[in-house]
Structure formats: structure tokens, C-alpha cells
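Containing PDB, C-alpha atoms and all ligand atoms: start-v2.pdb.
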MODEL        1
ATOM      1  CA  MET A1174       0.000   0.000   0.000  1.00  0.00           C
ATOM      2  CA  THR A1175       1.417   3.417  -0.930  1.00  0.00           C
ATOM      3  CA  THR A1176       1.590   6.254   1.568  1.00  0.00           C
ATOM      4  CA  ILE A1177      -1.053   8.287  -0.270  1.00  0.00           C
ATOM      5  CA  PHE A1178      -3.390   5.308  -0.314  1.00  0.00           C
ATOM      6  CA  ALA A1179      -2.880   4.681   3.411  1.00  0.00           C
ATOM      7  CA  ASN A1180      -3.243   8.384   4.225  1.00  0.00           C
ATOM      8  CA  LEU A1181      -6.500   8.579   2.290  1.00  0.00           C
ATOM      9  CA  GLN A1182      -7.843   5.655   4.299  1.00  0.00           C
ATOM     10  CA  ALA A1183      -6.770   7.353   7.537  1.00  0.00           C
ATOM     11  CA  VAL A1184      -8.455  10.641   6.589  1.00  0.00           C
ATOM     12  CA  LYS A1185     -11.651   8.812   5.659  1.00  0.00           C
ATOM     13  CA  SER A1186     -11.583   7.085   9.048  1.00  0.00           C
ATOM     14  CA  ARG A1187     -11.275  10.468  10.757  1.00  0.00           C
ATOM     15  CA  ILE A1188     -14.233  11.789   8.747  1.00  0.00           C
ATOM     16  CA  LEU A1189     -16.287   8.727   9.620  1.00  0.00           C
ATOM     17  CA  ALA A1190     -15.466   8.966  13.336  1.00  0.00           C
ATOM     18  CA  ALA A1191     -16.261  12.691  13.446  1.00  0.00           C
ATOM     19  CA  ALA A1192     -19.533  12.188  11.565  1.00  0.00           C
ATOM     20  CA  LEU A1193     -20.631   9.460  13.959  1.00  0.00           C
ATOM     21  CA  LYS A1194     -19.690  11.629  16.928  1.00  0.00           C
ATOM     22  CA  ALA A1195     -21.740  14.475  15.464  1.00  0.00           C
ATOM     23  CA  GLY A1196     -24.678  12.170  14.741  1.00  0.00           C
ATOM     24  CA  ARG A1197     -24.378  12.883  11.031  1.00  0.00           C
ATOM     25  CA  ASP A1198     -24.535  10.678   7.951  1.00  0.00           C
ATOM     26  CA  PRO A1199     -20.891  10.269   6.772  1.00  0.00           C
ATOM     27  CA  MET A1200     -22.186  10.263   3.189  1.00  0.00           C
ATOM     28  CA  ASP A1201     -23.065  13.951   3.637  1.00  0.00           C
ATOM     29  CA  ILE A1202     -19.379  14.839   3.911  1.00  0.00           C
ATOM     30  CA  ARG A1203     -17.194  14.936   0.806  1.00  0.00           C
ATOM     31  CA  LEU A1204     -13.433  14.781   0.836  1.00  0.00           C
ATOM     32  CA  LEU A1205     -11.633  17.265  -1.381  1.00  0.00           C
ATOM     33  CA  ALA A1206      -7.970  16.292  -1.790  1.00  0.00           C
ATOM     34  CA  VAL A1207      -5.882  19.475  -1.932  1.00  0.00           C
ATOM     35  CA  SER A1208      -3.049  18.722  -4.339  1.00  0.00           C
ATOM     36  CA  LYS A1209      -1.445  22.176  -4.591  1.00  0.00           C
ATOM     37  CA  ALA A1210       2.354  22.003  -4.831  1.00  0.00           C
ATOM     38  CA  TRP A1211       2.246  18.283  -5.634  1.00  0.00           C
ATOM     39  CA  PRO A1212       2.986  16.941  -9.109  1.00  0.00           C
ATOM     40  CA  ALA A1213       0.436  15.291 -11.352  1.00  0.00           C
ATOM     41  CA  GLY A1214       1.830  11.876 -10.379  1.00  0.00           C
ATOM     42  CA  ALA A1215       0.632  12.314  -6.802  1.00  0.00           C
ATOM     43  CA  VAL A1216      -2.855  13.139  -8.066  1.00  0.00           C
ATOM     44  CA  ARG A1217      -2.799  10.048 -10.276  1.00  0.00           C
ATOM     45  CA  GLU A1218      -1.903   7.960  -7.275  1.00  0.00           C
ATOM     46  CA  ALA A1219      -4.756   9.370  -5.204  1.00  0.00           C
ATOM     47  CA  ALA A1220      -7.110   8.903  -8.153  1.00  0.00           C
ATOM     48  CA  SER A1221      -6.117   5.253  -8.458  1.00  0.00           C
ATOM     49  CA  ALA A1222      -7.160   4.892  -4.811  1.00  0.00           C
ATOM     50  CA  GLY A1223     -10.626   6.141  -5.766  1.00  0.00           C
ATOM     51  CA  GLN A1224     -10.319   9.874  -4.976  1.00  0.00           C
ATOM     52  CA  ARG A1225     -12.273  11.949  -7.545  1.00  0.00           C
ATOM     53  CA  GLU A1226     -12.316  15.533  -6.265  1.00  0.00           C
ATOM     54  CA  PHE A1227      -9.176  17.665  -6.078  1.00  0.00           C
ATOM     55  CA  GLY A1228      -8.516  21.220  -4.916  1.00  0.00           C
ATOM     56  CA  GLU A1229      -5.933  23.660  -6.255  1.00  0.00           C
ATOM     57  CA  ASN A1230      -4.865  27.193  -5.254  1.00  0.00           C
ATOM     58  CA  TYR A1231      -2.584  28.526  -7.952  1.00  0.00           C
ATOM     59  CA  VAL A1232      -4.039  28.994 -11.418  1.00  0.00           C
ATOM     60  CA  ARG A1233      -0.959  28.318 -13.530  1.00  0.00           C
ATOM     61  CA  GLU A1234       0.074  25.231 -11.636  1.00  0.00           C
ATOM     62  CA  ALA A1235      -3.507  23.975 -11.638  1.00  0.00           C
ATOM     63  CA  VAL A1236      -4.172  24.437 -15.343  1.00  0.00           C
ATOM     64  CA  GLU A1237      -1.089  22.372 -16.177  1.00  0.00           C
ATOM     65  CA  LYS A1238      -2.228  19.556 -13.914  1.00  0.00           C
ATOM     66  CA  VAL A1239      -5.851  19.646 -15.037  1.00  0.00           C
ATOM     67  CA  THR A1240      -4.713  19.461 -18.653  1.00  0.00           C
ATOM     68  CA  SER A1241      -2.210  16.657 -18.169  1.00  0.00           C
ATOM     69  CA  LEU A1242      -4.716  14.600 -16.155  1.00  0.00           C
ATOM     70  CA  ALA A1243      -7.686  15.155 -18.472  1.00  0.00           C
ATOM     71  CA  ASP A1244      -7.862  11.408 -19.191  1.00  0.00           C
ATOM     72  CA  LEU A1245      -8.915  10.760 -15.571  1.00  0.00           C
ATOM     73  CA  ARG A1246     -12.025  12.959 -15.764  1.00  0.00           C
ATOM     74  CA  LEU A1247     -11.557  14.287 -12.236  1.00  0.00           C
ATOM     75  CA  ASP A1248     -13.569  17.085 -10.619  1.00  0.00           C
ATOM     76  CA  TRP A1249     -11.409  20.131  -9.965  1.00  0.00           C
ATOM     77  CA  HIS A1250     -12.151  22.767  -7.324  1.00  0.00           C
ATOM     78  CA  PHE A1251     -10.423  26.132  -7.239  1.00  0.00           C
ATOM     79  CA  ILE A1252      -9.892  27.131  -3.591  1.00  0.00           C
ATOM     80  CA  GLY A1253      -7.244  29.884  -3.715  1.00  0.00           C
ATOM     81  CA  PRO A1254      -7.313  33.674  -3.941  1.00  0.00           C
ATOM     82  CA  LEU A1255      -8.599  34.682  -7.350  1.00  0.00           C
ATOM     83  CA  GLN A1256      -7.534  37.694  -9.422  1.00  0.00           C
ATOM     84  CA  SER A1257      -9.641  39.179 -12.210  1.00  0.00           C
ATOM     85  CA  ASN A1258      -7.098  38.358 -14.907  1.00  0.00           C
ATOM     86  CA  LYS A1259      -7.268  34.640 -14.036  1.00  0.00           C
ATOM     87  CA  THR A1260     -11.039  34.226 -14.061  1.00  0.00           C
ATOM     88  CA  ARG A1261     -11.191  32.934 -17.636  1.00  0.00           C
ATOM     89  CA  ALA A1262      -8.721  30.105 -16.993  1.00  0.00           C
ATOM     90  CA  VAL A1263     -10.568  29.141 -13.827  1.00  0.00           C
ATOM     91  CA  ALA A1264     -13.988  29.201 -15.492  1.00  0.00           C
ATOM     92  CA  GLU A1265     -12.613  26.946 -18.234  1.00  0.00           C
ATOM     93  CA  HIS A1266     -10.800  24.343 -16.166  1.00  0.00           C
ATOM     94  CA  PHE A1267     -12.718  23.978 -12.927  1.00  0.00           C
ATOM     95  CA  ALA A1268     -16.102  22.611 -11.863  1.00  0.00           C
ATOM     96  CA  TRP A1269     -16.153  24.542  -8.564  1.00  0.00           C
ATOM     97  CA  VAL A1270     -14.773  27.779  -7.099  1.00  0.00           C
ATOM     98  CA  HIS A1271     -14.807  28.062  -3.280  1.00  0.00           C
ATOM     99  CA  SER A1272     -13.156  31.444  -2.874  1.00  0.00           C
ATOM    100  CA  ILE A1273     -15.579  34.060  -4.213  1.00  0.00           C
ATOM    101  CA  ASP A1274     -15.302  37.234  -2.157  1.00  0.00           C
ATOM    102  CA  ARG A1275     -16.131  39.983  -4.640  1.00  0.00           C
ATOM    103  CA  GLN A1276     -19.029  40.597  -6.973  1.00  0.00           C
ATOM    104  CA  LYS A1277     -16.731  41.546  -9.836  1.00  0.00           C
ATOM    105  CA  ILE A1278     -14.925  38.195  -9.728  1.00  0.00           C
ATOM    106  CA  ALA A1279     -18.216  36.305  -9.719  1.00  0.00           C
ATOM    107  CA  GLU A1280     -19.475  38.329 -12.683  1.00  0.00           C
ATOM    108  CA  ARG A1281     -16.346  37.632 -14.674  1.00  0.00           C
ATOM    109  CA  LEU A1282     -16.514  33.919 -13.877  1.00  0.00           C
ATOM    110  CA  SER A1283     -20.140  33.763 -14.986  1.00  0.00           C
ATOM    111  CA  GLU A1284     -19.380  35.597 -18.204  1.00  0.00           C
ATOM    112  CA  ALA A1285     -16.345  33.423 -18.981  1.00  0.00           C
ATOM    113  CA  ARG A1286     -18.206  30.216 -18.190  1.00  0.00           C
ATOM    114  CA  GLY A1287     -20.886  30.933 -20.768  1.00  0.00           C
ATOM    115  CA  ALA A1288     -24.242  29.207 -21.150  1.00  0.00           C
ATOM    116  CA  SER A1289     -23.068  26.223 -23.169  1.00  0.00           C
ATOM    117  CA  ARG A1290     -21.491  24.434 -20.189  1.00  0.00           C
ATOM    118  CA  PRO A1291     -23.001  23.375 -16.858  1.00  0.00           C
ATOM    119  CA  PRO A1292     -22.932  26.316 -14.436  1.00  0.00           C
ATOM    120  CA  LEU A1293     -19.806  26.778 -12.334  1.00  0.00           C
ATOM    121  CA  GLN A1294     -20.560  25.686  -8.743  1.00  0.00           C
ATOM    122  CA  VAL A1295     -19.441  28.390  -6.336  1.00  0.00           C
ATOM    123  CA  CYS A1296     -19.098  29.165  -2.649  1.00  0.00           C
ATOM    124  CA  ILE A1297     -18.590  32.547  -1.048  1.00  0.00           C
ATOM    125  CA  GLN A1298     -15.554  32.695   1.215  1.00  0.00           C
ATOM    126  CA  ILE A1299     -16.350  34.266   4.550  1.00  0.00           C
ATOM    127  CA  ASN A1300     -13.776  35.866   6.820  1.00  0.00           C
ATOM    128  CA  VAL A1301     -14.482  34.481  10.296  1.00  0.00           C
ATOM    129  CA  SER A1302     -11.268  35.476  12.025  1.00  0.00           C
ATOM    130  CA  GLY A1303     -11.318  39.220  11.514  1.00  0.00           C
ATOM    131  CA  GLU A1304      -8.211  41.007  10.337  1.00  0.00           C
ATOM    132  CA  ARG A1305      -5.778  38.251  11.109  1.00  0.00           C
ATOM    133  CA  THR A1306      -6.609  36.379   7.945  1.00  0.00           C
ATOM    134  CA  LYS A1307      -6.852  37.818   4.489  1.00  0.00           C
ATOM    135  CA  GLY A1308      -9.452  36.787   1.996  1.00  0.00           C
ATOM    136  CA  GLY A1309     -13.134  36.346   2.457  1.00  0.00           C
ATOM    137  CA  VAL A1310     -16.031  38.724   2.780  1.00  0.00           C
ATOM    138  CA  ALA A1311     -17.015  40.224   6.135  1.00  0.00           C
ATOM    139  CA  ALA A1312     -20.212  38.801   7.625  1.00  0.00           C
ATOM    140  CA  GLU A1313     -22.062  42.115   7.274  1.00  0.00           C
ATOM    141  CA  ASP A1314     -21.378  42.213   3.537  1.00  0.00           C
ATOM    142  CA  LEU A1315     -22.438  38.623   2.922  1.00  0.00           C
ATOM    143  CA  PRO A1316     -26.208  38.999   2.309  1.00  0.00           C
ATOM    144  CA  SER A1317     -25.869  41.505  -0.528  1.00  0.00           C
ATOM    145  CA  LEU A1318     -22.972  39.618  -2.147  1.00  0.00           C
ATOM    146  CA  ALA A1319     -24.918  36.348  -1.906  1.00  0.00           C
ATOM    147  CA  GLN A1320     -27.972  37.927  -3.557  1.00  0.00           C
ATOM    148  CA  SER A1321     -25.984  39.258  -6.471  1.00  0.00           C
ATOM    149  CA  VAL A1322     -23.950  36.067  -6.986  1.00  0.00           C
ATOM    150  CA  ALA A1323     -27.132  33.972  -6.896  1.00  0.00           C
ATOM    151  CA  ALA A1324     -28.597  36.154  -9.648  1.00  0.00           C
ATOM    152  CA  LEU A1325     -25.770  35.461 -12.130  1.00  0.00           C
ATOM    153  CA  PRO A1326     -26.708  33.185 -15.035  1.00  0.00           C
ATOM    154  CA  ASN A1327     -23.764  30.799 -15.376  1.00  0.00           C
ATOM    155  CA  VAL A1328     -22.792  30.157 -11.772  1.00  0.00           C
ATOM    156  CA  THR A1329     -24.738  28.293  -9.079  1.00  0.00           C
ATOM    157  CA  LEU A1330     -24.241  29.532  -5.526  1.00  0.00           C
ATOM    158  CA  ARG A1331     -23.924  26.414  -3.344  1.00  0.00           C
ATOM    159  CA  GLY A1332     -22.831  27.757   0.031  1.00  0.00           C
ATOM    160  CA  LEU A1333     -19.988  29.169   2.103  1.00  0.00           C
ATOM    161  CA  MET A1334     -16.296  28.463   2.592  1.00  0.00           C
ATOM    162  CA  ALA A1335     -14.061  29.557   5.462  1.00  0.00           C
ATOM    163  CA  ILE A1336     -10.491  29.190   6.738  1.00  0.00           C
ATOM    164  CA  PRO A1337     -10.351  30.115  10.426  1.00  0.00           C
ATOM    165  CA  GLU A1338      -6.985  31.035  11.930  1.00  0.00           C
ATOM    166  CA  PRO A1339      -5.035  27.914  12.960  1.00  0.00           C
ATOM    167  CA  SER A1340      -5.633  26.984  16.583  1.00  0.00           C
ATOM    168  CA  GLN A1341      -5.270  24.025  18.950  1.00  0.00           C
ATOM    169  CA  ASP A1342      -8.365  25.229  20.766  1.00  0.00           C
ATOM    170  CA  MET A1343     -11.218  22.949  19.729  1.00  0.00           C
ATOM    171  CA  ALA A1344     -13.837  25.190  21.340  1.00  0.00           C
ATOM    172  CA  LEU A1345     -12.565  28.257  19.474  1.00  0.00           C
ATOM    173  CA  LEU A1346     -12.484  26.377  16.174  1.00  0.00           C
ATOM    174  CA  ARG A1347     -16.026  25.159  16.748  1.00  0.00           C
ATOM    175  CA  ARG A1348     -17.202  28.721  17.423  1.00  0.00           C
ATOM    176  CA  ARG A1349     -15.645  29.879  14.150  1.00  0.00           C
ATOM    177  CA  PHE A1350     -17.224  27.047  12.165  1.00  0.00           C
ATOM    178  CA  ALA A1351     -20.553  27.533  13.936  1.00  0.00           C
ATOM    179  CA  THR A1352     -20.521  31.156  12.777  1.00  0.00           C
ATOM    180  CA  VAL A1353     -20.212  29.963   9.179  1.00  0.00           C
ATOM    181  CA  ARG A1354     -23.043  27.472   9.667  1.00  0.00           C
ATOM    182  CA  ARG A1355     -25.317  30.158  11.127  1.00  0.00           C
ATOM    183  CA  LEU A1356     -24.556  32.566   8.296  1.00  0.00           C
ATOM    184  CA  LYS A1357     -25.553  29.890   5.811  1.00  0.00           C
ATOM    185  CA  GLU A1358     -28.725  29.165   7.789  1.00  0.00           C
ATOM    186  CA  GLN A1359     -29.622  32.848   7.698  1.00  0.00           C
ATOM    187  CA  LEU A1360     -29.245  32.923   3.923  1.00  0.00           C
ATOM    188  CA  CYS A1361     -31.436  29.817   3.652  1.00  0.00           C
ATOM    189  CA  GLN A1362     -34.071  31.461   5.861  1.00  0.00           C
ATOM    190  CA  ALA A1363     -33.970  34.424   3.495  1.00  0.00           C
ATOM    191  CA  GLY A1364     -34.983  32.028   0.711  1.00  0.00           C
ATOM    192  CA  MET A1365     -31.681  30.886  -0.784  1.00  0.00           C
ATOM    193  CA  ASN A1366     -31.173  27.252  -1.601  1.00  0.00           C
ATOM    194  CA  LEU A1367     -27.698  26.441  -0.221  1.00  0.00           C
ATOM    195  CA  ASP A1368     -26.398  22.974   0.628  1.00  0.00           C
ATOM    196  CA  THR A1369     -22.637  23.408   1.061  1.00  0.00           C
ATOM    197  CA  LEU A1370     -20.323  24.289   3.932  1.00  0.00           C
ATOM    198  CA  SER A1371     -16.716  24.007   2.718  1.00  0.00           C
ATOM    199  CA  MET A1372     -14.722  24.019   5.937  1.00  0.00           C
ATOM    200  CA  GLY A1373     -12.141  21.928   7.739  1.00  0.00           C
ATOM    201  CA  MET A1374      -8.572  21.047   6.729  1.00  0.00           C
ATOM    202  CA  SER A1375      -5.949  18.532   7.909  1.00  0.00           C
ATOM    203  CA  ASP A1376      -5.732  19.975  11.419  1.00  0.00           C
ATOM    204  CA  ASP A1377      -9.317  20.961  12.116  1.00  0.00           C
ATOM    205  CA  LEU A1378     -11.640  18.731  10.116  1.00  0.00           C
ATOM    206  CA  GLU A1379     -13.202  17.202  13.248  1.00  0.00           C
ATOM    207  CA  ALA A1380     -14.307  20.611  14.567  1.00  0.00           C
ATOM    208  CA  ALA A1381     -15.671  21.508  11.134  1.00  0.00           C
ATOM    209  CA  ILE A1382     -17.647  18.274  10.820  1.00  0.00           C
ATOM    210  CA  MET A1383     -19.113  18.815  14.298  1.00  0.00           C
ATOM    211  CA  GLU A1384     -20.468  22.127  12.992  1.00  0.00           C
ATOM    212  CA  GLY A1385     -21.885  20.843   9.733  1.00  0.00           C
ATOM    213  CA  ALA A1386     -19.097  20.800   7.119  1.00  0.00           C
ATOM    214  CA  THR A1387     -20.217  19.114   3.891  1.00  0.00           C
ATOM    215  CA  ILE A1388     -16.833  19.421   2.110  1.00  0.00           C
ATOM    216  CA  VAL A1389     -13.536  19.109   3.965  1.00  0.00           C
ATOM    217  CA  ARG A1390     -10.427  20.289   2.084  1.00  0.00           C
ATOM    218  CA  VAL A1391      -7.464  18.153   3.075  1.00  0.00           C
ATOM    219  CA  GLY A1392      -3.915  18.428   1.742  1.00  0.00           C
ATOM    220  CA  THR A1393      -1.137  17.601   4.192  1.00  0.00           C
ATOM    221  CA  ALA A1394      -2.862  14.624   5.808  1.00  0.00           C
ATOM    222  CA  ILE A1395      -3.169  12.989   2.368  1.00  0.00           C
ATOM    223  CA  PHE A1396      -0.050  14.006   0.460  1.00  0.00           C
ATOM    224  CA  GLY A1397       2.362  14.883   3.283  1.00  0.00           C
ATOM    225  CA  ARG A1398       4.127  18.162   3.976  1.00  0.00           C
ATOM    226  CA  ARG A1399       4.099  20.284   0.857  1.00  0.00           C
ATOM    227  CA  PRO A1400       7.423  20.480  -1.007  1.00  0.00           C
ATOM    228  CA  GLY A1401       9.054  23.609  -2.439  1.00  0.00           C
ATOM    229  CA  LEU A1402       7.269  26.798  -3.312  1.00  0.00           C
ATOM    230  CA  GLY A1403       3.760  25.884  -2.274  1.00  0.00           C
ATOM    231  CA  ALA A1404       4.849  25.029   1.269  1.00  0.00           C
ATOM    232  CA  GLY A1405       4.956  28.597   2.491  1.00  0.00           C
ATOM    233  CA  LEU A1406       1.915  29.712   0.578  1.00  0.00           C
ATOM    234  CA  ALA A1407      -0.723  27.497   2.108  1.00  0.00           C
ATOM    235  CA  GLN A1408      -3.349  30.193   1.960  1.00  0.00           C
TER
HETATM  236  C1  LIG B1501      -3.837  24.394   1.401  1.00  0.00           C
HETATM  237  C2  LIG B1501      -5.271  24.532   1.661  1.00  0.00           C
HETATM  238  C3  LIG B1501      -6.011  23.505   2.258  1.00  0.00           C
HETATM  239  C4  LIG B1501      -5.380  22.223   2.767  1.00  0.00           C
HETATM  240  O1  LIG B1501      -4.660  22.494   3.916  1.00  0.00           O
HETATM  241  P1  LIG B1501      -3.949  21.290   4.746  1.00  0.00           P
HETATM  242  O2  LIG B1501      -3.687  21.914   6.065  1.00  0.00           O
HETATM  243  O3  LIG B1501      -2.728  20.929   4.000  1.00  0.00           O
HETATM  244  O4  LIG B1501      -4.934  20.179   4.831  1.00  0.00           O
HETATM  245  C5  LIG B1501      -7.372  23.682   2.386  1.00  0.00           C
HETATM  246  N1  LIG B1501      -7.986  24.800   1.980  1.00  0.00           N
HETATM  247  C6  LIG B1501      -7.322  25.820   1.409  1.00  0.00           C
HETATM  248  C7  LIG B1501      -8.056  27.029   0.966  1.00  0.00           C
HETATM  249  C8  LIG B1501      -5.946  25.715   1.247  1.00  0.00           C
HETATM  250  O5  LIG B1501      -5.291  26.746   0.701  1.00  0.00           O
ENDMDL
END

Would you mind writing the file's structure down as C-alpha cells?
Ligand SMILES: *Cc1c(COP(=O)(O)O)cnc(C)c1O
Amino acid sequence: MTTIFANLQAVKSRILAAALKAGRDPMDIRLLAVSKAWPAGAVREAASAGQREFGENYVREAVEKVTSLADLRLDWHFIGPLQSNKTRAVAEHFAWVHSIDRQKIAERLSEARGASRPPLQVCIQINVSGERTKGGVAAEDLPSLAQSVAALPNVTLRGLMAIPEPSQDMALLRRRFATVRRLKEQLCQAGMNLDTLSMGMSDDLEAAIMEGATIVRVGTAIFGRRPGLGAGLAQ
């Protein structure tokens, strides 16, 4: 058994245990394997172990991998910070974008996606840790951004994504994730049809699952410590 194969099994066991502890159906939690900074070969290995959904942060690196692995027909999720001049490449190569935090970016993605393909599935990234983390919309700006993203023709708003500040404090992490869950619930009460909470990574997926995560984004626990450039650029 390769390391990636064994690691995938271990992560799935953690997801299962956390789901049972939370009284949730484990089938409601999807594992996104974050392959940023790892070569296409590592993705192939994970795919041969049955993993179908992969997350990437850097557009250039991702487009190369997506293209060279096209034969595998994987589902690719863009989870990194997104600049306007990269929206076309992302709209072309990805099925999902988790990191929407501006109306302009969402508009450009919708326009670039066009009507001839299935809509791009998107989440709005919410900043739950205040100024200490960059990226993500502030809670008070979420309702209006959500309304305008939901109105775009070629994207489907699925839910919210968040990256709380790293912490060993389970109670703090749960409060952060609970904030994201409540914000999604408020949008649903306002009439939006959202089913996704993208939250939880290698170090905090249990806390996220306790608070309702439906997609956990896991890199290090599957592939190991990131090599080279990507290592210092986790977010
Ligand atoms: C890198 C990254 C992850 C994975 O983080 P790990 O700690 O390696 O599991 C998840 N989400 C985002 C947005 C990332 O940038």
C-alpha cells in the first residue's frame, strides 16, 4: 500500500469517526484532496485509490495539472485567492470555485463560463477570524454579495467556505465554524437554496464536521508536507 493510499484511508476514518460523533450521515461529507504544490503523479496515485475531487490554489500550476490529467475525468475545485485576470482560466478548467469574495470576480466567472457548459458551482468565502486572515467577505457584507452572486446566469451559488486562523483550541475552532453554519442558515431562511459548507482542513476537520461541514479540504494529511514553493503559501 502506498503512503497516499494509506493516508486517504486514515483521513476517511477520521471523517467517519467525526460524523458518527456528530450524529451525522458520513455520506453527507465529501473529501476534497488538496493537491497544490504536488505533481500530477501524486494526483494520479490518489485517483487510483478512488479519490475523484481535487482542490488547487494557484491557477498556472492547476491548469497544467488539469490538462495533463484530463484522461482521468476528475472534478477540480479552485480554492485559492482569485484575481480578475485569471477568471477565464478558472472558469474553463474547474467545476467549482470556493473562494468568491467579490461581486466583480463572480461576474467575470459567470461571463467566462458561458451558457453552453453546466454552471460553475461556487461558494462565497467568509472571513471568520477578523483582520488576522486575508481573503473572504465580512459577515455584514455577505447577504448583498450572496444575492448578487445567486442572480448570475452561469454560476450556481452552493454555500460558504471559510479558513479560520489555525488553533489548537477545539472550542474556538467550533465557534468559528458555527458562525459559518449560522450565516448559511440565515441565507437559507432568506430564501436561498444552499447545501454546502466548505470548511475543515488537515488539522481541524473534526471541529468543522461537528459544525456541519459538507466538504472538507485536506492536503497535508493525504499528500504529506508540501514540497518547495507551495509550502509557504498554504493560503
Ligand atoms: C492548502 C489549503 C487547504 C489544505 O490544507 P492542509 O492543512 O494541507 O490540509 C485547504 N484549503 C485551502 C483554501 C488551502 O489553501

Test item: residues lying within 9 Å of ligand LIG 1501 (chain B) with all atoms listed in the file, as a ChimeraX atom specification: /A:1205-1209,1228-1230,1251-1254,1271-1272,1334-1336,1371-1378,1389-1399,1403-1404,1406-1408

Next, write the just-selected residues to a file, as a PDB file, keeping the file's coordinate frame, keeping C-alpha atoms as the atom set.
ATOM      1  CA  LEU A1205     -11.633  17.265  -1.381  1.00  0.00           C
ATOM      2  CA  ALA A1206      -7.970  16.292  -1.790  1.00  0.00           C
ATOM      3  CA  VAL A1207      -5.882  19.475  -1.932  1.00  0.00           C
ATOM      4  CA  SER A1208      -3.049  18.722  -4.339  1.00  0.00           C
ATOM      5  CA  LYS A1209      -1.445  22.176  -4.591  1.00  0.00           C
ATOM      6  CA  GLY A1228      -8.516  21.220  -4.916  1.00  0.00           C
ATOM      7  CA  GLU A1229      -5.933  23.660  -6.255  1.00  0.00           C
ATOM      8  CA  ASN A1230      -4.865  27.193  -5.254  1.00  0.00           C
ATOM      9  CA  PHE A1251     -10.423  26.132  -7.239  1.00  0.00           C
ATOM     10  CA  ILE A1252      -9.892  27.131  -3.591  1.00  0.00           C
ATOM     11  CA  GLY A1253      -7.244  29.884  -3.715  1.00  0.00           C
ATOM     12  CA  PRO A1254      -7.313  33.674  -3.941  1.00  0.00           C
ATOM     13  CA  HIS A1271     -14.807  28.062  -3.280  1.00  0.00           C
ATOM     14  CA  SER A1272     -13.156  31.444  -2.874  1.00  0.00           C
ATOM     15  CA  MET A1334     -16.296  28.463   2.592  1.00  0.00           C
ATOM     16  CA  ALA A1335     -14.061  29.557   5.462  1.00  0.00           C
ATOM     17  CA  ILE A1336     -10.491  29.190   6.738  1.00  0.00           C
ATOM     18  CA  SER A1371     -16.716  24.007   2.718  1.00  0.00           C
ATOM     19  CA  MET A1372     -14.722  24.019   5.937  1.00  0.00           C
ATOM     20  CA  GLY A1373     -12.141  21.928   7.739  1.00  0.00           C
ATOM     21  CA  MET A1374      -8.572  21.047   6.729  1.00  0.00           C
ATOM     22  CA  SER A1375      -5.949  18.532   7.909  1.00  0.00           C
ATOM     23  CA  ASP A1376      -5.732  19.975  11.419  1.00  0.00           C
ATOM     24  CA  ASP A1377      -9.317  20.961  12.116  1.00  0.00           C
ATOM     25  CA  LEU A1378     -11.640  18.731  10.116  1.00  0.00           C
ATOM     26  CA  VAL A1389     -13.536  19.109   3.965  1.00  0.00           C
ATOM     27  CA  ARG A1390     -10.427  20.289   2.084  1.00  0.00           C
ATOM     28  CA  VAL A1391      -7.464  18.153   3.075  1.00  0.00           C
ATOM     29  CA  GLY A1392      -3.915  18.428   1.742  1.00  0.00           C
ATOM     30  CA  THR A1393      -1.137  17.601   4.192  1.00  0.00           C
ATOM     31  CA  ALA A1394      -2.862  14.624   5.808  1.00  0.00           C
ATOM     32  CA  ILE A1395      -3.169  12.989   2.368  1.00  0.00           C
ATOM     33  CA  PHE A1396      -0.050  14.006   0.460  1.00  0.00           C
ATOM     34  CA  GLY A1397       2.362  14.883   3.283  1.00  0.00           C
ATOM     35  CA  ARG A1398       4.127  18.162   3.976  1.00  0.00           C
ATOM     36  CA  ARG A1399       4.099  20.284   0.857  1.00  0.00           C
ATOM     37  CA  GLY A1403       3.760  25.884  -2.274  1.00  0.00           C
ATOM     38  CA  ALA A1404       4.849  25.029   1.269  1.00  0.00           C
ATOM     39  CA  LEU A1406       1.915  29.712   0.578  1.00  0.00           C
ATOM     40  CA  ALA A1407      -0.723  27.497   2.108  1.00  0.00           C
ATOM     41  CA  GLN A1408      -3.349  30.193   1.960  1.00  0.00           C
TER      42      GLN A1408
END

Distance criterion (all atoms listed in the file): nearest to Ile1297 in chain A out of A:Gln1341, A:Gln1224, A:Thr1369, A:Thr1176: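 Of the candidates, the smallest distance to Ile1297 in chain A is held by A:Thr1369.
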
Proximity check range 1240-1322 of chain A to range 1211-1222 of chain A, 10 Å, nearest pairs one decimal Å, only C-alpha atoms, as a Markdown table:
| residue | atom | partner | partner_atom | distance |
| --- | --- | --- | --- | --- |
| A:Thr1240 | CA | A:Ala1213 | CA | 9.9 |
| A:Ser1241 | CA | A:Ala1213 | CA | 7.4 |
| A:Leu1242 | CA | A:Ala1213 | CA | 7.1 |
| A:Leu1245 | CA | A:Ala1220 | CA | 7.9 |
| A:Arg1246 | CA | A:Ala1220 | CA | 9.9 |
| A:Leu1247 | CA | A:Ala1220 | CA | 8.1 |

Atom pair CA of Val1184 in chain A / CA of Arg1354 in chain A: separation (Å):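 Atom-to-atom, CA of Val1184 in chain A to CA of Arg1354 in chain A, that is 22.5 Å.
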
Mind giving me the axis-aligned box for range 1362-1365 of chain A with 8 Å on every side, centre plus edges in Å to one decimal, as JSON?
{"center_x": -33.3, "center_y": 32.7, "center_z": 2.5, "size_x": 19.3, "size_y": 19.5, "size_z": 22.6}

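Nearest to Ala1288 in chain A of all the residues A:Asn1327, A:Gln1182, A:Asn1258, A:Ser1317 is A:Asn1327, based on only C-alpha atoms.
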
Distance query Arg1331 in chain A at most 8 Å, all atoms listed in the file, self and fewer than 4 positions along chain excluded, as a PyMOL selection string: chain A and resi 1294-1296+1366-1369

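With distances restricted to all atoms listed in the file, A:Gln1320 is the closest residue to Gly1364 in chain A from A:Thr1387, A:Ser1186, A:Gln1320, A:Ser1340.
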
Computed interatomic separation between CA of Ala1363 in chain A and CA of Ile1273 in chain A (Å):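 Distance between the two atoms: 19.9 Å.
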
Result set, the PyMOL selection byres (((chain A and resi 1195) around 12) and not hetatm) on current file, as a PyMOL selection string: chain A and resi 1188-1194+1196-1199+1201-1202+1379-1386

Straight-line distance linking CA of Arg1281 in chain A with CA of Tyr1231 in chain A, stated in Å to one decimal: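 Value for the CA of Arg1281 in chain A-CA of Tyr1231 in chain A distance: 17.8 Å.
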
Best match for closeness to Leu1293 in chain A among A:Thr1260, A:Ser1321, A:Thr1175, A:Gln1276, counting all atoms listed in the file: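 Nearest to Leu1293 in chain A: A:Thr1260.
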
Distance criterion (all atoms listed in the file): nearest to Pro1337 in chain A out of A:Val1301, A:Cys1361, A:Val1232, A:Ala1183: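 Nearest to Pro1337 in chain A: A:Val1301.
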